[in-house]
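Structure data (mmCIF, C-alpha atoms) from upload.cif:
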```cif
data_entry
loop_
_atom_site.label_atom_id
_atom_site.label_comp_id
_atom_site.auth_asym_id
_atom_site.auth_seq_id
_atom_site.Cartn_x
_atom_site.Cartn_y
_atom_site.Cartn_z
CA MET A 1 99.48 108.66 68.58
CA MET A 2 101.57 106.72 71.08
CA ASN A 3 100.41 103.92 73.30
CA ASN A 4 99.86 104.74 76.96
CA SER A 5 103.42 104.82 78.31
CA GLY A 6 102.70 103.60 81.76
CA ASN A 7 100.08 102.74 84.31
CA LEU A 8 98.43 105.82 85.82
CA SER A 9 98.07 104.22 89.23
CA GLY A 10 101.74 103.33 89.21
CA ARG A 11 102.76 106.87 88.31
CA LEU A 12 100.68 108.33 91.10
CA LEU A 13 102.08 105.83 93.58
CA GLN A 14 105.60 106.96 92.68
CA ASN A 15 104.71 110.10 94.66
CA LEU A 16 103.41 108.16 97.68
CA LYS A 17 104.90 109.29 100.99
CA VAL A 18 104.38 107.23 104.12
CA THR A 19 105.43 107.92 107.70
CA VAL A 20 104.99 105.65 110.71
CA THR A 21 104.31 107.73 113.81
CA HIS A 22 103.74 104.91 116.30
CA ALA A 23 104.16 101.11 116.32
CA GLN A 24 103.37 98.72 119.15
CA LEU A 25 102.03 95.34 120.32
CA SER A 26 99.25 95.58 122.90
CA ASN A 27 96.64 93.43 124.62
CA ARG A 28 95.44 95.99 127.15
CA TYR A 29 91.67 96.19 127.58
CA PRO A 30 91.23 99.94 128.25
CA GLY A 31 93.57 100.96 125.45
CA TRP A 32 91.24 99.66 122.74
CA ASN A 33 87.89 101.10 123.82
CA ARG A 34 87.23 104.46 122.12
CA THR A 35 84.01 106.26 121.25
CA LEU A 36 83.41 108.45 118.19
CA GLU A 37 87.05 109.39 117.65
CA THR A 38 88.19 111.08 114.43
CA PRO A 39 92.00 110.71 114.44
CA ALA A 40 94.18 112.71 112.06
CA PHE A 41 96.28 109.60 111.32
CA ASN A 42 95.55 106.19 109.78
CA ARG A 43 95.56 103.07 111.95
CA LEU A 44 96.73 99.66 110.72
CA TYR A 45 96.11 96.55 112.82
CA PHE A 46 96.89 92.86 112.78
CA ILE A 47 94.53 91.06 115.17
CA ASP A 48 96.34 88.13 116.79
CA GLY A 49 93.68 87.08 119.28
CA GLY A 50 90.63 88.19 121.27
CA GLU A 51 87.23 89.53 120.26
CA GLY A 52 85.47 92.86 119.87
CA LYS A 53 84.05 95.21 117.28
CA VAL A 54 84.80 98.31 115.24
CA ILE A 55 82.34 100.92 114.01
CA ILE A 56 83.63 103.03 111.10
CA ASN A 57 81.36 105.81 109.82
CA GLY A 58 78.35 104.04 111.31
CA ILE A 59 79.14 100.58 109.87
CA THR A 60 79.89 97.80 112.37
CA TYR A 61 82.58 95.16 111.85
CA TYR A 62 83.75 92.26 114.02
CA PRO A 63 87.47 91.77 113.34
CA LYS A 64 88.71 88.26 114.01
CA PRO A 65 92.17 86.85 114.83
CA GLY A 66 94.29 86.59 111.70
CA GLN A 67 92.78 89.67 110.06
CA ILE A 68 94.47 92.90 108.95
CA MET A 69 92.60 96.20 108.86
CA ILE A 70 93.17 99.86 108.05
CA MET A 71 91.12 102.60 109.69
CA PRO A 72 91.31 105.73 107.51
CA ALA A 73 92.33 109.03 109.08
CA GLY A 74 89.41 111.36 109.68
CA SER A 75 86.80 108.59 109.78
CA THR A 76 84.50 108.39 112.80
CA GLN A 77 85.70 105.45 114.87
CA THR A 78 84.24 103.54 117.81
CA THR A 79 86.14 100.46 119.03
CA GLU A 80 85.24 97.94 121.72
CA THR A 81 86.85 94.74 122.99
CA SER A 82 85.96 92.12 125.58
CA ILE A 83 87.31 92.62 129.07
CA ASP A 84 87.58 88.83 129.40
CA ASP A 85 89.17 88.25 125.98
CA PRO A 86 90.72 91.55 124.83
CA TYR A 87 92.19 91.91 121.38
CA ILE A 88 95.87 91.07 121.02
CA ARG A 89 96.83 93.57 118.35
CA TYR A 90 99.91 94.60 116.51
CA TYR A 91 99.33 98.11 115.26
CA CYS A 92 100.80 101.29 113.91
CA HIS A 93 99.70 104.85 113.29
CA PHE A 94 100.77 106.22 109.94
CA ASP A 95 100.36 109.00 107.41
CA ALA A 96 100.09 108.19 103.71
CA ASP A 97 99.74 110.85 101.03
CA ILE A 98 100.14 111.15 97.28
CA GLY A 99 101.17 114.75 96.81
CA GLU A 100 98.66 116.54 99.01
CA TRP A 101 96.01 113.83 98.63
CA PRO A 102 95.45 111.35 101.47
CA LEU A 103 95.77 107.79 100.19
CA PHE A 104 92.83 106.70 102.36
CA HIS A 105 89.68 108.81 102.47
CA ALA A 106 87.79 109.56 105.65
CA GLU A 107 84.38 108.83 104.12
CA LYS A 108 85.39 105.32 103.06
CA LYS A 109 84.79 102.02 104.84
CA LEU A 110 87.15 99.95 106.95
CA TYR A 111 89.72 98.09 104.86
CA ILE A 112 89.78 94.57 106.34
CA CYS A 113 90.85 91.14 105.15
CA ASP A 114 91.98 87.70 106.24
CA SER A 115 95.74 87.56 106.31
CA PRO A 116 97.05 85.22 103.58
CA ASN A 117 99.97 84.32 105.86
CA PRO A 118 99.52 85.30 109.54
CA ASP A 119 103.05 84.21 110.51
CA SER A 120 104.54 86.47 107.84
CA ILE A 121 102.35 89.42 108.83
CA ARG A 122 103.23 88.95 112.49
CA ALA A 123 106.93 88.84 111.63
CA THR A 124 106.62 91.99 109.54
CA PHE A 125 104.96 93.81 112.43
CA VAL A 126 107.62 92.60 114.87
CA GLU A 127 110.28 93.93 112.48
CA MET A 128 108.49 97.25 112.07
CA ILE A 129 108.11 97.76 115.84
CA GLU A 130 111.78 96.92 116.39
CA GLN A 131 112.97 99.25 113.63
CA PHE A 132 110.63 102.06 114.71
CA GLN A 133 112.15 102.06 118.19
CA LYS A 134 115.68 102.53 116.78
CA ASP A 135 114.81 105.73 114.88
CA ASP A 136 117.96 106.03 112.77
CA VAL A 137 118.11 106.59 109.01
CA LEU A 138 118.26 102.95 107.94
CA SER A 139 115.65 101.94 110.50
CA ILE A 140 113.28 104.60 109.15
CA LEU A 141 113.66 103.10 105.67
CA ARG A 142 113.05 99.59 106.98
CA THR A 143 110.03 100.76 108.98
CA GLN A 144 108.53 102.32 105.85
CA ALA A 145 109.23 99.15 103.87
CA CYS A 146 107.35 97.09 106.45
CA LEU A 147 104.41 99.49 106.35
CA LEU A 148 104.22 99.44 102.54
CA ASN A 149 104.26 95.65 102.57
CA LEU A 150 101.40 95.54 105.07
CA ILE A 151 99.33 98.13 103.19
CA ALA A 152 99.78 96.24 99.92
CA THR A 153 98.77 92.95 101.57
CA CYS A 154 95.65 94.51 103.07
CA LEU A 155 94.53 96.15 99.82
CA GLU A 156 95.31 93.07 97.76
CA SER A 157 93.32 90.75 100.01
CA SER A 158 90.41 93.00 101.06
CA ASP A 159 86.94 92.94 99.50
CA SER A 160 87.96 95.78 97.19
CA SER A 161 90.96 94.75 95.10
CA HIS A 162 93.98 97.04 94.85
CA THR A 163 92.90 97.88 91.28
CA ASP A 164 89.46 99.00 92.45
CA PHE A 165 91.07 100.93 95.29
CA MET A 166 93.26 102.97 92.96
CA THR A 167 90.43 103.44 90.46
CA GLN A 168 88.34 104.96 93.23
CA PHE A 169 91.29 107.11 94.30
CA ILE A 170 91.89 108.42 90.78
CA HIS A 171 88.26 109.40 90.26
CA THR A 172 87.82 111.19 93.57
CA GLY A 173 87.74 115.00 93.48
CA ASP A 174 90.75 116.66 91.85
CA HIS A 175 92.34 113.29 91.18
CA GLY A 176 90.10 112.75 88.15
CA LYS A 177 90.99 116.15 86.74
CA LEU A 178 94.70 115.56 87.02
CA ALA A 179 94.31 112.00 85.73
CA HIS A 180 92.86 113.51 82.54
CA VAL A 181 95.96 115.69 82.18
CA LEU A 182 98.32 112.74 82.74
CA HIS A 183 96.49 110.62 80.18
CA TYR A 184 96.66 113.48 77.70
CA ILE A 185 100.41 113.80 78.19
CA ASP A 186 100.85 110.06 77.64
CA TYR A 187 98.98 110.14 74.34
CA CYS A 188 100.61 113.34 73.06
CA LEU A 189 104.29 112.77 73.82
CA ASN A 190 104.96 112.58 70.09
CA LYS A 191 103.99 116.18 69.45
CA PRO A 192 104.62 119.60 71.03
CA ILE A 193 102.78 120.11 74.30
CA GLU A 194 102.14 123.59 75.65
CA ILE A 195 101.25 124.72 79.15
CA ASP A 196 98.14 126.50 77.84
CA GLU A 197 96.59 123.32 76.44
CA LEU A 198 97.28 121.37 79.64
CA ALA A 199 95.80 124.15 81.78
CA GLU A 200 92.74 124.26 79.56
CA LEU A 201 92.02 120.61 80.30
CA VAL A 202 91.30 121.49 83.93
CA HIS A 203 89.94 124.98 83.19
CA LEU A 204 92.72 126.81 85.00
CA HIS A 205 94.84 129.79 84.01
CA PRO A 206 98.42 128.61 83.31
CA ASN A 207 99.72 130.68 86.24
CA TYR A 208 97.47 128.68 88.58
CA PHE A 209 97.86 125.37 86.78
CA ILE A 210 101.64 125.18 87.21
CA PRO A 211 101.65 125.27 91.05
CA TYR A 212 98.48 123.11 91.07
CA PHE A 213 100.26 120.40 89.08
CA LYS A 214 103.51 120.67 91.02
CA ARG A 215 101.69 120.41 94.35
CA PHE A 216 100.44 116.94 93.44
CA MET A 217 103.15 115.59 91.14
CA GLY A 218 106.25 117.12 92.72
CA VAL A 219 107.52 118.70 89.47
CA THR A 220 106.28 121.35 87.04
CA PRO A 221 104.10 120.22 84.11
CA MET A 222 106.83 120.65 81.49
CA ALA A 223 109.43 118.93 83.66
CA TYR A 224 106.98 116.04 83.97
CA VAL A 225 106.47 115.97 80.18
CA GLN A 226 110.22 115.75 79.63
CA LEU A 227 110.51 113.09 82.33
CA LYS A 228 107.88 110.95 80.57
CA ARG A 229 109.63 111.47 77.23
CA MET A 230 112.92 110.25 78.64
CA GLU A 231 111.24 107.27 80.35
CA HIS A 232 109.67 106.26 77.05
CA ALA A 233 112.95 106.75 75.20
CA LYS A 234 114.85 104.59 77.69
CA ARG A 235 112.31 101.78 77.32
CA GLN A 236 112.50 101.94 73.54
CA LEU A 237 116.29 102.00 73.55
CA SER A 238 116.48 99.02 75.90
CA TYR A 239 113.72 96.79 74.58
CA THR A 240 113.17 97.60 70.89
CA ASP A 241 115.18 97.92 67.70
CA TYR A 242 113.72 101.28 66.69
CA SER A 243 116.35 103.65 65.36
CA ILE A 244 117.32 106.60 67.52
CA SER A 245 115.71 108.95 65.02
CA ASP A 246 112.46 106.96 65.24
CA ILE A 247 112.55 107.17 69.04
CA ALA A 248 113.22 110.91 68.87
CA GLU A 249 110.14 111.24 66.68
CA GLN A 250 108.07 109.16 69.10
CA VAL A 251 108.81 111.66 71.88
CA GLY A 252 108.18 114.70 69.68
CA MET A 253 111.77 115.93 69.49
CA GLU A 254 114.20 116.69 66.68
CA LEU A 255 117.04 114.14 66.58
CA ALA A 256 119.80 116.61 67.48
CA HIS A 257 117.81 118.09 70.37
CA PHE A 258 116.79 114.64 71.59
CA SER A 259 120.40 113.36 71.59
CA LYS A 260 121.64 116.45 73.40
CA TYR A 261 118.86 116.44 76.00
CA PHE A 262 119.13 112.68 76.58
CA LYS A 263 122.87 112.92 77.21
CA LYS A 264 122.39 115.90 79.54
CA THR A 265 119.74 114.00 81.50
CA MET A 266 121.27 110.50 81.55
CA GLY A 267 124.96 111.29 81.27
CA LEU A 268 125.16 108.97 78.24
CA SER A 269 124.33 109.37 74.58
CA PRO A 270 121.28 107.38 73.37
CA SER A 271 123.49 104.91 71.49
CA THR A 272 125.80 104.37 74.48
CA TYR A 273 122.79 103.91 76.76
CA ARG A 274 121.33 101.34 74.35
CA ASN A 275 124.59 99.39 74.20
CA SER A 276 124.90 99.41 78.00
CA THR A 277 121.45 97.89 78.49
CA LYS A 278 121.54 95.23 75.80
#
```
So, in terms of structure tokens, how does the structure I just supplied come out?
Amino acid sequence: MMNNSGNLSGRLLQNLKVTVTHAQLSNRYPGWNRTLETPAFNRLYFIDGGEGKVIINGITYYPKPGQIMIMPAGSTQTTETSIDDPYIRYYCHFDADIGEWPLFHAEKKLYICDSPNPDSIRATFVEMIEQFQKDDVLSILRTQACLLNLIATCLESSDSSHTDFMTQFIHTGDHGKLAHVLHYIDYCLNKPIEIDELAELVHLHPNYFIPYFKRFMGVTPMAYVQLKRMEHAKRQLSYTDYSISDIAEQVGMELAHFSKYFKKTMGLSPSTYRNSTK
């Protein structure tokens, strides 16, 4: 049996899609005060001054200058700030989904942390706001890059580490079921894998399992299996001295079929690929 050929959290995050729908700097008093809202989008803030409070799903927080926070979409939100010392806040509204799963869950708490480098976070927000206002192709990419950087910083520095965050994500609802399938694929790449056995893992008929899997992973189950086989093969070709026949065996394929499929997929034969990466 093969070793796990990759981190499950990382594979799921490869399907992460983020979209910034609004980005702004504000210090207006009325604009912050809201009562029992349940927005359909996530909010991300960097507090640069002022005082106030946030109530998320009945839990009260008092964000301070220098802190970053994420308010999950669908959570019940009440926000208040001082009329004499209103929050100065950089913020954005955003959507974040892995397949059809929201990255942040409405029933969860506020994600909040002290910024490890307030000047850097402020500069990232300034860049994101500037790029968001341009709204061209490259600016959209740069806006998304800024958002991903801010999300990673918040998760890394909050009370729940990024590892705990993804562990909770994986074991919520259908995530755990699909995680079981992905683990199974990892451990069984060296032997034939059939749709029926994958579907059985989540107690679905194959006709329902295929669209179920594709909805979350973006490809059909068997296309995903072949993708993981080629990823493993590329790693082995680049970083080990295993023979090509050994690598073919590791991914459960006959040598001739492996060589043909690898060349079709990569545009290079396994030996040429190996030589090009050494």
Practice prompt. Run the PyMOL selection byres ((chain A and resi 127-143) around 8) against the file shown and list the residues it catches, as a PyMOL selection string.
Written response: chain A and resi 20+22-25+123-126+144-147
Discussion item. One decimal, in Å: what's the spacing between atom CA of A:Gln236 and atom CA of A:Phe213?
Written reply: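 Value for the atom CA of A:Gln236-atom CA of A:Phe213 distance: 27.1 Å.
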Discussion item. With the PyMOL selection byres ((chain A and resi 256-272) around 12) as the selection, what would be picked from this file? Answer as a count of residues only, please.
Written reply: 34
Fill in: Residue IDs satisfying the PyMOL selection byres ((chain A and resi 87) around 8), as an NGL selection string
:A and (27-29 or 32 or 47-52 or 81-82 or 85-86 or 88-89)
Worksheet entry | Among listed residues A:Arg215, A:Lys53, A:Arg43, A:Arg122, nearest A:Asp95 (using all atoms listed in the file) |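 For A:Asp95, the nearest of the given residues is A:Arg43.
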Worksheet item: Which of these, A:Val181, A:Cys113, A:Val225, A:Ile151, has the shortest distance to A:Leu204 once you count only C-alpha atoms?
Response: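 Looking at the shortest contact to A:Leu204, the residue is A:Val181.
When atom CA of A:Ile210 is paired with atom CA of A:His180, their separation reads 15.3 Å.
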Worksheet entry | Interatomic distance (Å, one decimal) between atom CA of A:Cys92 and atom CA of A:Thr21 |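 One can read the atom CA of A:Cys92 to atom CA of A:Thr21 distance as 7.3 Å.
Residue nearest A:Ile112, chosen from A:Ile195, A:Met69, A:Leu44, A:Ala179 and counting all atoms listed in the file: A:Met69.
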Practice prompt. Would you mind telling me which residue in A:Ile83, A:Ile56, A:Leu198, A:Leu16 lies nearest to A:Pro102 when using only C-alpha atoms?
Written response: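 Among A:Ile83, A:Ile56, A:Leu198, A:Leu16, it is A:Leu16 that comes nearest to A:Pro102.
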Worksheet entry | Polymer residues at most 7 Å from A:Glu107, all atoms listed in the file, same-chain spacing of 2 or more positions, as a ChimeraX atom specification | /A:75,105,109
Give me, as an mmCIF file with C-alpha atoms, in the coordinates of the input, all polymer residues having an atom no more than 7 Å from A:Thr35, counting all atoms listed in the file and skipping those fewer than 4 positions away in the same chain.
```cif
data_model
loop_
_atom_site.group_PDB
_atom_site.id
_atom_site.type_symbol
_atom_site.label_atom_id
_atom_site.label_comp_id
_atom_site.auth_asym_id
_atom_site.auth_seq_id
_atom_site.Cartn_x
_atom_site.Cartn_y
_atom_site.Cartn_z
ATOM 1 C CA GLN A 77 85.700 105.450 114.870
ATOM 2 C CA THR A 78 84.240 103.540 117.810
ATOM 3 C CA THR A 79 86.140 100.460 119.030
#
```
So that all listed atoms of stretch 252-264 of chain A fit with 6 Å spare on each side, what axis-aligned box centre and edge lengths in Å, to one decimal, would you give as JSON?
```
{"center_x": 115.5, "center_y": 115.4, "center_z": 73.1, "size_x": 26.7, "size_y": 17.4, "size_z": 25.0}
```
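Distances to A:Pro63 were evaluated for A:Leu110, A:Ala152, A:Ala199, A:Ile98 using only C-alpha atoms, and the minimum falls at A:Leu110.
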Practice prompt. May I have the residues within 8 Å of A:Phe41 as a PyMOL selection string, using only C-alpha atoms and disregarding those fewer than 3 positions away in the same chain?
Written response: chain A and resi 72-74+93-95
